[in-house]
There are 2 protein chains.
Amino acid sequence: MSEFDEAMSLTRDGDGQVARGHLAPGWAIGEAVNGGALMALAATALRHDIGADLDPLALSAYFLSATQPGDVEVTSRVLRQGRAFTTGECAIAQRGADGADVDRVRVLATFGSLADPGTAHRTIEAPPIAAPQDCLGADDAPREVTDAAPLVGRLDMRFDPPSAGWALGRPSGRGQLDAWVRFRDGREADTTALLFLLDALPPVAFDLGIMGWAPTIEFSGHVRARPAPGWLQMQTTTRVLTGALMEEDATIWDSTGTLVAQSRQLCGVRLPDGWSPPGR
Amino acid sequence: MSEFDEAMSLTRDGDGQVARGHLAPGWAIGEAVNGGALMALAATALRHDIGADLDPLALSAYFLSATQPGDVEVTSRVLRQGRAFTTGECAIAQRGADGADVDRVRVLATFGSLADPGTAHRTIEAPPIAAPQDCLGADDAPREVTDAAPLVGRLDMRFDPPSAGWALGRPSGRGQLDAWVRFRDGREADTTALLFLLDALPPVAFDLGIMGWAPTIEFSGHVRARPAPGWLQMQTTTRVLTGALMEEDATIWDSTGTLVAQSRQLCGVRLPDGWSPPGR
């Protein structure tokens, strides 16, 4: 079984509305479980309720507190089943030190079928970037960068050279990261995995020299097509940065160049003392 | 009292968690109440629970069924109160013909203070468009267009000439609408009203010659600053359109040129028979 499928495994008891899962430390960034892994776990729970043949078209997650590696309790419920779309809600909680449940994430999501996504009449073309073998991977990064992000071990991630400067203290100042990504163990991405991958790159704030933790307030992902096997190309950007908040947009294309997912998140941001936007 | 404040009025009974409201036919587009009015109503209910001095920073709405003009029941609840951010959930329902409650909208939202939004280090500049007096308003539109959208009566909306062709059967094909907007009765916008206005323009699909109803699957709005009084400038765009789905992004700037709100929604779309993208 792939690492991702193992992380997404849920066991149910009783009426089946509450499922138990386990997210190992390998899915953490710093001390907290990665938000994308939690979104994919919520989608997995809802897919069980709604139908494994349907795809998560839209999923919104609100992060209430940092999820610690370990056991999680996932409660999901179908809100409305329609002809084309089915919507559900999901809550992820963990047992706190005092034995009481602590809310970690709340999710709303709508599912439908992407078996036939139809012609792409308008799209965003994938930007031309260096080939994977000419990009920079985790093996090229300083040890302190990869040590802080165990999640990196799950992924083969290759940064286009202009997008790799942050790891060496030379952020480009564009507010943009371009990379190739796939699972390190060879598992191909499906529409649930896309929800994980949308949040898998480092914060785009790194490319602006803002290296602190940027807590996600809200994350909405849209899955637009089922991905073909192979490398996925990904771009993240931010355009609106104030002293307190920034948005981060992500786009993923599959190996055929088809746009397969988009997302936007709002993050809190703390600017380093004396920070000014780095030159390009 | 302004029309908007009247529509946002809620009365509470019992423990105060359930509020009753009323959305008059004037807030409808076609047969259904406008989604933005419902999002602002959810934000109003949550603001009562969370604190009137806080602003809705992010709000995500999932639309389960079309809200009919008339009475609504709004159930809101705080999920987590933090130092900087407070998150809540909200459900809007209506009594169905058989007397049972029907779910209309589910909302998750996070509030915080925009009293001091900080310096805008990076932003999107408002595009140059014609001045309001040189734009096209509802008075210039064919009667069948305005009759279908009672909501138009609440707003003074002025379309930049290249964005007005759809109303005359000549969509520009850009997939972009630029307009000025403000309340017709002179009420100034606040951060709650911005959530309404983000969804107030006609579907951007109209500018591609797709005139049917584009049901919103998911809508997430981010409020980035408290708006200054006066005209608001607004732009909506779509970039990714398949036979079944499209996304629509909206941006609002205030009269000082400050970007005050952004949104992205995913809509279902049904292409007219024989449709092809109109030339520019």
# chains A, B, ... in the order shown; residues from 1 in each chain; ligands from 1
>>> closest_atom_pairs(of="chain A", to="chain B", cutoff="6 Å", atoms="only C-alpha atoms", output="tab-separated table")
residue	atom	partner	partner_atom	distance
A:Gly118	CA	B:Gly243	CA	4.6
A:Thr119	CA	B:Thr242	CA	5.3
A:Ala120	CA	B:Thr242	CA	4.3
A:His121	CA	B:Leu241	CA	5.5
A:Arg122	CA	B:Leu241	CA	5.0
A:Thr123	CA	B:Val240	CA	4.3
A:Arg239	CA	B:Thr123	CA	5.6
A:Val240	CA	B:Thr123	CA	4.3
A:Leu241	CA	B:Arg122	CA	5.0
A:Thr242	CA	B:Ala120	CA	4.3
A:Gly243	CA	B:Gly118	CA	4.6
>>> select_by_dssp(residues="segment 3-245 of chain B", states="strand (DSSP E or B)", output="ChimeraX atom specification")
/B:11-12,18-23,28-29,32-33,55-63,70-81,86-95,101-112,120-122,136,155-159,176-183,216-223,232-237,241-242,245
>>> atom_distance(atom1="atom CA of Ala91 of chain A", atom2="atom CA of Thr75 of chain A")
5.2 Å
>>> atom_distance(atom1="atom CA of Ala250 of chain A", atom2="atom CA of Thr236 of chain A")
4.3 Å
>>> residues_around(residues="Trp27 of chain A", least_positions_apart="5", cutoff="12 Å", atoms="only C-alpha atoms", output="list in words")
Glu3, Phe4, Glu6, Ala7, Met8, His22, Ala32, Val33, Asn34, Gly35, Gly36, Ala37, Leu38, Ala40, Leu41, Thr67, Gln68, Pro69, Gly70, Ala148, Ala149, Pro150, Leu151, Val152, Gly153, Arg154, Leu155, Phe196 and Ala200 of chain A
>>> select_by_dssp(residues="segment 153-248 of chain B", states="helix (DSSP H, G or I)", output="MDAnalysis selection string")
chainID B and resid 153:154 161:163 165:168 191:197 204:208
